[in-house]
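Structure data (PDB, C-alpha atoms, pLDDT in the B column) from run.pdb:
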```pdb
MODEL        1
ATOM      1  CA  MET Q  24      79.153  96.039  85.997  1.00 54.00           C
ATOM      2  CA  ALA Q  25      82.822  96.630  86.773  1.00 61.00           C
ATOM      3  CA  LEU Q  26      85.395  94.350  85.214  1.00 74.00           C
ATOM      4  CA  LYS Q  27      87.583  92.360  87.591  1.00 82.00           C
ATOM      5  CA  ALA Q  28      91.341  92.084  87.568  1.00 82.00           C
ATOM      6  CA  THR Q  29      92.899  89.025  85.950  1.00 87.00           C
ATOM      7  CA  VAL Q  30      95.213  87.060  88.227  1.00 91.00           C
ATOM      8  CA  PHE Q  31      98.610  85.998  86.894  1.00 92.00           C
ATOM      9  CA  LYS Q  32     100.932  83.627  88.731  1.00 96.00           C
ATOM     10  CA  ALA Q  33     104.670  83.775  88.196  1.00 96.00           C
ATOM     11  CA  HIS Q  34     107.338  81.508  89.588  1.00 97.00           C
ATOM     12  CA  VAL Q  35     110.653  83.329  89.231  1.00 97.00           C
ATOM     13  CA  GLU Q  36     114.111  81.852  89.502  1.00 98.00           C
ATOM     14  CA  LEU Q  37     116.358  84.898  89.726  1.00 97.00           C
ATOM     15  CA  ALA Q  38     120.130  85.114  89.487  1.00 98.00           C
ATOM     16  CA  ASP Q  39     121.266  88.732  89.681  1.00 97.00           C
ATOM     17  CA  MET Q  40     125.040  88.639  89.379  1.00 97.00           C
ATOM     18  CA  ASP Q  41     125.269  92.455  89.531  1.00 95.00           C
ATOM     19  CA  ARG Q  42     123.786  92.605  93.053  1.00 95.00           C
ATOM     20  CA  HIS Q  43     124.610  89.038  94.179  1.00 95.00           C
ATOM     21  CA  GLN Q  44     120.901  88.397  94.703  1.00 95.00           C
ATOM     22  CA  TYR Q  45     119.549  84.881  94.132  1.00 96.00           C
ATOM     23  CA  LEU Q  46     115.876  84.150  94.705  1.00 96.00           C
ATOM     24  CA  ASN Q  47     113.370  81.444  93.918  1.00 96.00           C
ATOM     25  CA  GLN Q  48     109.961  83.014  94.490  1.00 95.00           C
ATOM     26  CA  SER Q  49     106.306  82.599  93.587  1.00 96.00           C
ATOM     27  CA  LEU Q  50     104.483  85.853  92.821  1.00 95.00           C
ATOM     28  CA  THR Q  51     100.865  86.808  92.241  1.00 93.00           C
ATOM     29  CA  LEU Q  52     100.129  89.746  89.950  1.00 92.00           C
ATOM     30  CA  ALA Q  53      96.692  91.240  89.334  1.00 89.00           C
ATOM     31  CA  ARG Q  54      96.286  92.733  85.859  1.00 89.00           C
ATOM     32  CA  HIS Q  55      93.884  95.672  85.909  1.00 86.00           C
ATOM     33  CA  PRO Q  56      91.286  95.503  83.080  1.00 86.00           C
ATOM     34  CA  SER Q  57      92.892  98.541  81.411  1.00 86.00           C
ATOM     35  CA  GLU Q  58      96.433  97.125  81.689  1.00 89.00           C
ATOM     36  CA  THR Q  59      98.177  95.423  78.764  1.00 93.00           C
ATOM     37  CA  ASP Q  60     100.288  92.271  78.889  1.00 93.00           C
ATOM     38  CA  GLY Q  61     103.302  94.448  78.092  1.00 95.00           C
ATOM     39  CA  ARG Q  62     102.754  96.713  81.096  1.00 95.00           C
ATOM     40  CA  LEU Q  63     102.202  93.706  83.361  1.00 95.00           C
ATOM     41  CA  MET Q  64     105.508  92.251  82.179  1.00 96.00           C
ATOM     42  CA  VAL Q  65     107.291  95.578  82.755  1.00 97.00           C
ATOM     43  CA  ARG Q  66     106.128  95.316  86.376  1.00 96.00           C
ATOM     44  CA  LEU Q  67     107.567  91.808  86.537  1.00 97.00           C
ATOM     45  CA  LEU Q  68     110.821  93.003  84.932  1.00 97.00           C
ATOM     46  CA  ALA Q  69     111.046  95.812  87.507  1.00 97.00           C
ATOM     47  CA  TRP Q  70     110.580  93.240  90.272  1.00 97.00           C
ATOM     48  CA  CYS Q  71     113.406  91.152  88.808  1.00 97.00           C
ATOM     49  CA  LEU Q  72     115.791  94.112  88.487  1.00 97.00           C
ATOM     50  CA  TYR Q  73     115.207  95.254  92.103  1.00 97.00           C
ATOM     51  CA  ALA Q  74     114.270  91.914  93.657  1.00 95.00           C
ATOM     52  CA  GLU Q  75     114.393  91.421  97.389  1.00 93.00           C
ATOM     53  CA  GLU Q  76     112.197  89.180  99.478  1.00 90.00           C
ATOM     54  CA  ARG Q  77     110.207  92.139 100.854  1.00 93.00           C
ATOM     55  CA  LEU Q  78     109.670  93.870  97.467  1.00 96.00           C
ATOM     56  CA  GLU Q  79     105.950  93.649  96.796  1.00 94.00           C
ATOM     57  CA  PHE Q  80     103.375  94.567  94.206  1.00 92.00           C
ATOM     58  CA  THR Q  81     100.807  97.113  95.373  1.00 88.00           C
ATOM     59  CA  LYS Q  82      97.278  97.933  94.231  1.00 71.00           C
ATOM     60  CA  GLY Q  83      98.977  99.877  91.410  1.00 59.00           C
ATOM     61  CA  LEU Q  84      96.468 101.397  89.004  1.00 54.00           C
ATOM     62  CA  CYS Q  85      93.701 101.031  91.585  1.00 54.00           C
ATOM     63  CA  ALA Q  86      95.385 103.291  94.176  1.00 55.00           C
ATOM     64  CA  ASP Q  87      96.531 106.855  93.527  1.00 69.00           C
ATOM     65  CA  ASP Q  88      98.797 107.005  96.577  1.00 75.00           C
ATOM     66  CA  GLU Q  89     100.765 103.810  95.890  1.00 89.00           C
ATOM     67  CA  PRO Q  90     103.437 102.909  93.338  1.00 94.00           C
ATOM     68  CA  GLU Q  91     103.474  99.735  91.248  1.00 94.00           C
ATOM     69  CA  LEU Q  92     105.955  98.111  93.632  1.00 96.00           C
ATOM     70  CA  TRP Q  93     107.463  99.095  96.925  1.00 95.00           C
ATOM     71  CA  LEU Q  94     109.878  97.904  99.531  1.00 97.00           C
ATOM     72  CA  LYS Q  95     109.252  98.876 103.136  1.00 96.00           C
ATOM     73  CA  ASN Q  96     111.569  98.431 106.082  1.00 95.00           C
ATOM     74  CA  ASN Q  97     110.512  96.929 109.425  1.00 94.00           C
ATOM     75  CA  ALA Q  98     109.399 100.366 110.671  1.00 95.00           C
ATOM     76  CA  GLY Q  99     107.023 100.732 107.700  1.00 93.00           C
ATOM     77  CA  GLU Q 100     109.136 103.388 105.979  1.00 96.00           C
ATOM     78  CA  ILE Q 101     109.312 103.186 102.190  1.00 96.00           C
ATOM     79  CA  GLU Q 102     112.825 102.251 101.071  1.00 97.00           C
ATOM     80  CA  LEU Q 103     112.031 101.778  97.361  1.00 98.00           C
ATOM     81  CA  TRP Q 104     109.174 103.163  95.256  1.00 97.00           C
ATOM     82  CA  ILE Q 105     108.837 101.880  91.657  1.00 97.00           C
ATOM     83  CA  GLU Q 106     106.659 103.667  89.088  1.00 96.00           C
ATOM     84  CA  LEU Q 107     105.879 102.828  85.455  1.00 96.00           C
ATOM     85  CA  GLY Q 108     105.019 104.929  82.427  1.00 95.00           C
ATOM     86  CA  GLN Q 109     105.075 108.702  82.259  1.00 96.00           C
ATOM     87  CA  PRO Q 110     103.723 109.997  85.552  1.00 95.00           C
ATOM     88  CA  ASP Q 111     103.148 113.622  86.418  1.00 94.00           C
ATOM     89  CA  GLU Q 112     106.201 115.452  87.777  1.00 95.00           C
ATOM     90  CA  LYS Q 113     104.295 116.264  90.991  1.00 95.00           C
ATOM     91  CA  ARG Q 114     103.685 112.551  91.619  1.00 95.00           C
ATOM     92  CA  LEU Q 115     107.401 111.826  91.284  1.00 97.00           C
ATOM     93  CA  LYS Q 116     108.339 114.724  93.585  1.00 97.00           C
ATOM     94  CA  LYS Q 117     105.894 113.436  96.187  1.00 96.00           C
ATOM     95  CA  ALA Q 118     107.275 109.913  95.843  1.00 96.00           C
ATOM     96  CA  CYS Q 119     110.842 111.225  96.268  1.00 97.00           C
ATOM     97  CA  GLY Q 120     109.731 112.881  99.493  1.00 96.00           C
ATOM     98  CA  ARG Q 121     108.177 109.673 100.822  1.00 96.00           C
ATOM     99  CA  ALA Q 122     110.794 107.090  99.772  1.00 97.00           C
ATOM    100  CA  ARG Q 123     114.541 106.760 100.129  1.00 97.00           C
ATOM    101  CA  GLN Q 124     114.843 105.675  96.460  1.00 98.00           C
ATOM    102  CA  VAL Q 125     112.418 106.135  93.546  1.00 98.00           C
ATOM    103  CA  VAL Q 126     112.721 104.282  90.241  1.00 98.00           C
ATOM    104  CA  LEU Q 127     110.732 104.987  87.085  1.00 98.00           C
ATOM    105  CA  PHE Q 128     110.474 102.649  84.107  1.00 98.00           C
ATOM    106  CA  ASN Q 129     109.430 104.523  80.942  1.00 96.00           C
ATOM    107  CA  TYR Q 130     108.025 102.718  77.934  1.00 96.00           C
ATOM    108  CA  GLY Q 131     106.344 103.844  74.710  1.00 94.00           C
ATOM    109  CA  GLU Q 132     109.422 105.157  72.910  1.00 92.00           C
ATOM    110  CA  ARG Q 133     107.983 108.166  71.080  1.00 95.00           C
ATOM    111  CA  SER Q 134     105.775 109.494  73.870  1.00 95.00           C
ATOM    112  CA  ALA Q 135     108.401 108.667  76.517  1.00 95.00           C
ATOM    113  CA  LYS Q 136     110.999 110.668  74.596  1.00 95.00           C
ATOM    114  CA  VAL Q 137     108.688 113.713  74.475  1.00 96.00           C
ATOM    115  CA  TRP Q 138     107.797 113.244  78.165  1.00 97.00           C
ATOM    116  CA  TRP Q 139     111.509 113.109  79.074  1.00 97.00           C
ATOM    117  CA  GLN Q 140     112.324 116.251  77.077  1.00 96.00           C
ATOM    118  CA  GLN Q 141     109.549 118.123  78.893  1.00 96.00           C
ATOM    119  CA  ASN Q 142     110.447 116.879  82.391  1.00 97.00           C
ATOM    120  CA  GLN Q 143     114.208 116.227  82.394  1.00 96.00           C
ATOM    121  CA  ALA Q 144     115.278 119.601  83.773  1.00 96.00           C
ATOM    122  CA  ASN Q 145     112.920 119.454  86.760  1.00 96.00           C
ATOM    123  CA  LEU Q 146     113.462 115.753  87.458  1.00 97.00           C
ATOM    124  CA  SER Q 147     117.249 116.127  87.424  1.00 96.00           C
ATOM    125  CA  ARG Q 148     116.901 117.994  90.747  1.00 96.00           C
ATOM    126  CA  LEU Q 149     115.518 114.869  92.425  1.00 97.00           C
ATOM    127  CA  ASP Q 150     118.645 113.170  93.789  1.00 97.00           C
ATOM    128  CA  ASN Q 151     116.906 109.934  94.778  1.00 98.00           C
ATOM    129  CA  LEU Q 152     115.215 109.354  91.377  1.00 98.00           C
ATOM    130  CA  SER Q 153     116.421 106.892  88.733  1.00 98.00           C
ATOM    131  CA  VAL Q 154     114.756 106.830  85.308  1.00 98.00           C
ATOM    132  CA  TRP Q 155     115.034 103.838  82.990  1.00 97.00           C
ATOM    133  CA  SER Q 156     113.604 103.585  79.487  1.00 97.00           C
ATOM    134  CA  LEU Q 157     112.514 100.500  77.552  1.00 97.00           C
ATOM    135  CA  SER Q 158     112.504 100.364  73.778  1.00 96.00           C
ATOM    136  CA  ASP Q 159     109.321  99.448  71.947  1.00 97.00           C
ATOM    137  CA  GLU Q 160     111.090  96.287  70.785  1.00 97.00           C
ATOM    138  CA  ASP Q 161     111.800  95.224  74.392  1.00 97.00           C
ATOM    139  CA  PHE Q 162     108.277  96.172  75.506  1.00 97.00           C
ATOM    140  CA  ASN Q 163     106.700  94.070  72.739  1.00 96.00           C
ATOM    141  CA  ALA Q 164     109.050  91.148  73.417  1.00 96.00           C
ATOM    142  CA  LEU Q 165     108.081  91.254  77.114  1.00 96.00           C
ATOM    143  CA  ALA Q 166     104.386  91.171  76.153  1.00 95.00           C
ATOM    144  CA  GLU Q 167     105.009  88.012  74.123  1.00 95.00           C
ATOM    145  CA  LEU Q 168     106.272  86.231  77.259  1.00 95.00           C
ATOM    146  CA  ALA Q 169     103.080  86.952  79.220  1.00 93.00           C
ATOM    147  CA  GLY Q 170     100.918  84.087  80.388  1.00 91.00           C
ATOM    148  CA  ARG Q 171      98.535  83.344  83.243  1.00 93.00           C
ATOM    149  CA  ASN Q 172     101.033  80.889  84.756  1.00 95.00           C
ATOM    150  CA  ILE Q 173     104.614  81.887  84.039  1.00 94.00           C
ATOM    151  CA  LYS Q 174     107.740  79.977  84.956  1.00 97.00           C
ATOM    152  CA  LEU Q 175     110.405  82.622  84.496  1.00 97.00           C
ATOM    153  CA  GLN Q 176     114.151  82.367  84.733  1.00 98.00           C
ATOM    154  CA  ALA Q 177     115.805  85.772  85.060  1.00 98.00           C
ATOM    155  CA  ASN Q 178     119.552  86.161  84.780  1.00 98.00           C
ATOM    156  CA  ILE Q 179     120.983  89.641  85.256  1.00 97.00           C
ATOM    157  CA  MET Q 180     124.556  90.575  84.479  1.00 97.00           C
ATOM    158  CA  ASP Q 181     126.124  93.931  83.560  1.00 94.00           C
ATOM    159  CA  GLY Q 182     122.692  95.591  83.469  1.00 90.00           C
ATOM    160  CA  GLN Q 183     121.354  93.139  80.910  1.00 95.00           C
ATOM    161  CA  CYS Q 184     118.440  90.904  81.844  1.00 97.00           C
ATOM    162  CA  LEU Q 185     117.936  87.562  80.113  1.00 97.00           C
ATOM    163  CA  LEU Q 186     114.376  86.335  80.656  1.00 97.00           C
ATOM    164  CA  SER Q 187     113.377  82.786  79.707  1.00 96.00           C
ATOM    165  CA  THR Q 188     109.994  81.034  79.783  1.00 94.00           C
ATOM    166  CA  GLU Q 189     108.552  77.973  78.080  1.00 91.00           C
ATOM    167  CA  SER Q 190     107.461  80.236  75.207  1.00 86.00           C
ATOM    168  CA  GLY Q 191     110.892  81.726  74.532  1.00 91.00           C
ATOM    169  CA  SER Q 192     113.631  83.958  75.819  1.00 95.00           C
ATOM    170  CA  ILE Q 193     114.589  87.582  75.380  1.00 97.00           C
ATOM    171  CA  SER Q 194     117.353  89.895  76.441  1.00 97.00           C
ATOM    172  CA  VAL Q 195     116.315  93.278  77.844  1.00 96.00           C
ATOM    173  CA  GLU Q 196     118.633  96.158  78.689  1.00 94.00           C
ATOM    174  CA  PRO Q 197     116.807  99.269  79.906  1.00 96.00           C
ATOM    175  CA  GLU Q 198     118.477 102.562  78.995  1.00 95.00           C
ATOM    176  CA  CYS Q 199     119.468 104.710  81.970  1.00 96.00           C
ATOM    177  CA  ARG Q 200     118.243 108.272  81.575  1.00 96.00           C
ATOM    178  CA  GLN Q 201     118.956 109.345  85.136  1.00 96.00           C
ATOM    179  CA  LYS Q 202     120.687 107.573  88.013  1.00 96.00           C
ATOM    180  CA  SER Q 203     119.997 108.385  91.658  1.00 91.00           C
ATOM    181  CA  GLN Q 204     122.920 109.700  93.670  1.00 83.00           C
TER
ENDMDL
END
```
Could I get this file's structure written as structure tokens?
Amino acid sequence: MALKATVFKAHVELADMDRHQYLNQSLTLARHPSETDGRLMVRLLAWCLYAEERLEFTKGLCADDEPELWLKNNAGEIELWIELGQPDEKRLKKACGRARQVVLFNYGERSAKVWWQQNQANLSRLDNLSVWSLSDEDFNALAELAGRNIKLQANIMDGQCLLSTESGSISVEPECRQKSQ
């Protein structure tokens, strides 16, 4: 018998001073049985850092041809494609061909560092790819904030994201490894 996804609800009050984006939005996230709380919260962090009303979570781990999040324009074209982890270089090249902007959030410090060393030269040729890296400390702190019903306040300023819930608050600042042009 296949395990079902666990549904998480998040109400996010976002104030992104860097992009002058202010949203108050309720989100539904499905956590795949193989997904950790940390990875789920990285998805939520990615949503906060690139938030727009049309930015949506996809089937993620359940669909090979979709990212974790995407933003489509009114014509159905993909404006923003957000990936997590350490995907295959071919997947990122394909995503860069399909979307105007592609963003990758790396986590798992040691393995992400090795992955970056192996892929940096080839990925640097992809002009519309940005790569961000999260420390293990930030990843673990994000996991601690996870809950089935989250009331999250996200304040972003100068690339630093302050996340607050009833269970605590953390400051996360992803490291930029590559910025799209």
Open item on the list: Under the PyMOL selection byres ((chain Q and resi 130) around 8), which residues of this model are included? Write them out as a PyMOL selection string.
Closed with: chain Q and resi 107-109+128-129+131-132+135+156-159+162
- [ ] Please identify all polymer residues within 8 Å of Q:Met64, counting all atoms listed in the file, omitting same-chain residues fewer than 4 positions from it, and present them as a ChimeraX atom specification.
- [x] /Q:60,68,165-166,168-169
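For the pair atom CA of Q:Ser187 and atom CA of Q:Val35, the separation is 9.9 Å.
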Q:Arg66: which residues within 10 Å, counting all atoms listed in the file, same-chain residues fewer than 4 positions away excluded, as a PDB file with C-alpha atoms, in the frame of the given file?
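So the final result, stored in out.pdb, reads:
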```
ATOM      1  CA  LEU Q  52     100.129  89.746  89.950  1.00 92.00           C
ATOM      2  CA  ASP Q  60     100.288  92.271  78.889  1.00 93.00           C
ATOM      3  CA  GLY Q  61     103.302  94.448  78.092  1.00 95.00           C
ATOM      4  CA  ARG Q  62     102.754  96.713  81.096  1.00 95.00           C
ATOM      5  CA  TRP Q  70     110.580  93.240  90.272  1.00 97.00           C
ATOM      6  CA  CYS Q  71     113.406  91.152  88.808  1.00 97.00           C
ATOM      7  CA  LEU Q  72     115.791  94.112  88.487  1.00 97.00           C
ATOM      8  CA  PHE Q  80     103.375  94.567  94.206  1.00 92.00           C
ATOM      9  CA  GLY Q  83      98.977  99.877  91.410  1.00 59.00           C
ATOM     10  CA  GLU Q  91     103.474  99.735  91.248  1.00 94.00           C
ATOM     11  CA  LEU Q  92     105.955  98.111  93.632  1.00 96.00           C
ATOM     12  CA  ILE Q 105     108.837 101.880  91.657  1.00 97.00           C
ATOM     13  CA  GLU Q 106     106.659 103.667  89.088  1.00 96.00           C
ATOM     14  CA  LEU Q 107     105.879 102.828  85.455  1.00 96.00           C
ATOM     15  CA  PHE Q 128     110.474 102.649  84.107  1.00 98.00           C
TER      16      PHE Q 128
END
```
- [ ] Please write as a PyMOL selection string the full residue list that the PyMOL selection byres ((chain Q and resi 173) around 10) yields on this file.
- [x] chain Q and resi 31-35+49-50+168-172+174-176+187-190
Result set of the PyMOL selection byres ((chain Q and resi 77) around 9) on the coordinates above, as a CSV table (one decimal) with C-alpha atoms, keeping the file's coordinate frame:
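This is the output file result_28.csv:
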```csv
chain,number,residue,atom,x,y,z
Q,74,ALA,CA,114.3,91.9,93.7
Q,75,GLU,CA,114.4,91.4,97.4
Q,76,GLU,CA,112.2,89.2,99.5
Q,78,LEU,CA,109.7,93.9,97.5
Q,79,GLU,CA,106.0,93.6,96.8
Q,93,TRP,CA,107.5,99.1,96.9
Q,94,LEU,CA,109.9,97.9,99.5
Q,95,LYS,CA,109.3,98.9,103.1
Q,96,ASN,CA,111.6,98.4,106.1
```
Open item on the list: Here is a test: counting only C-alpha atoms, which residue of Q:Ala53, Q:Cys184, Q:Gln141, Q:Val154 is nearest to Q:Gln201?
Closed with: Q:Val154
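For the pair atom CA of Q:Gly182 and atom CA of Q:Pro197, the interatomic distance is 7.8 Å.
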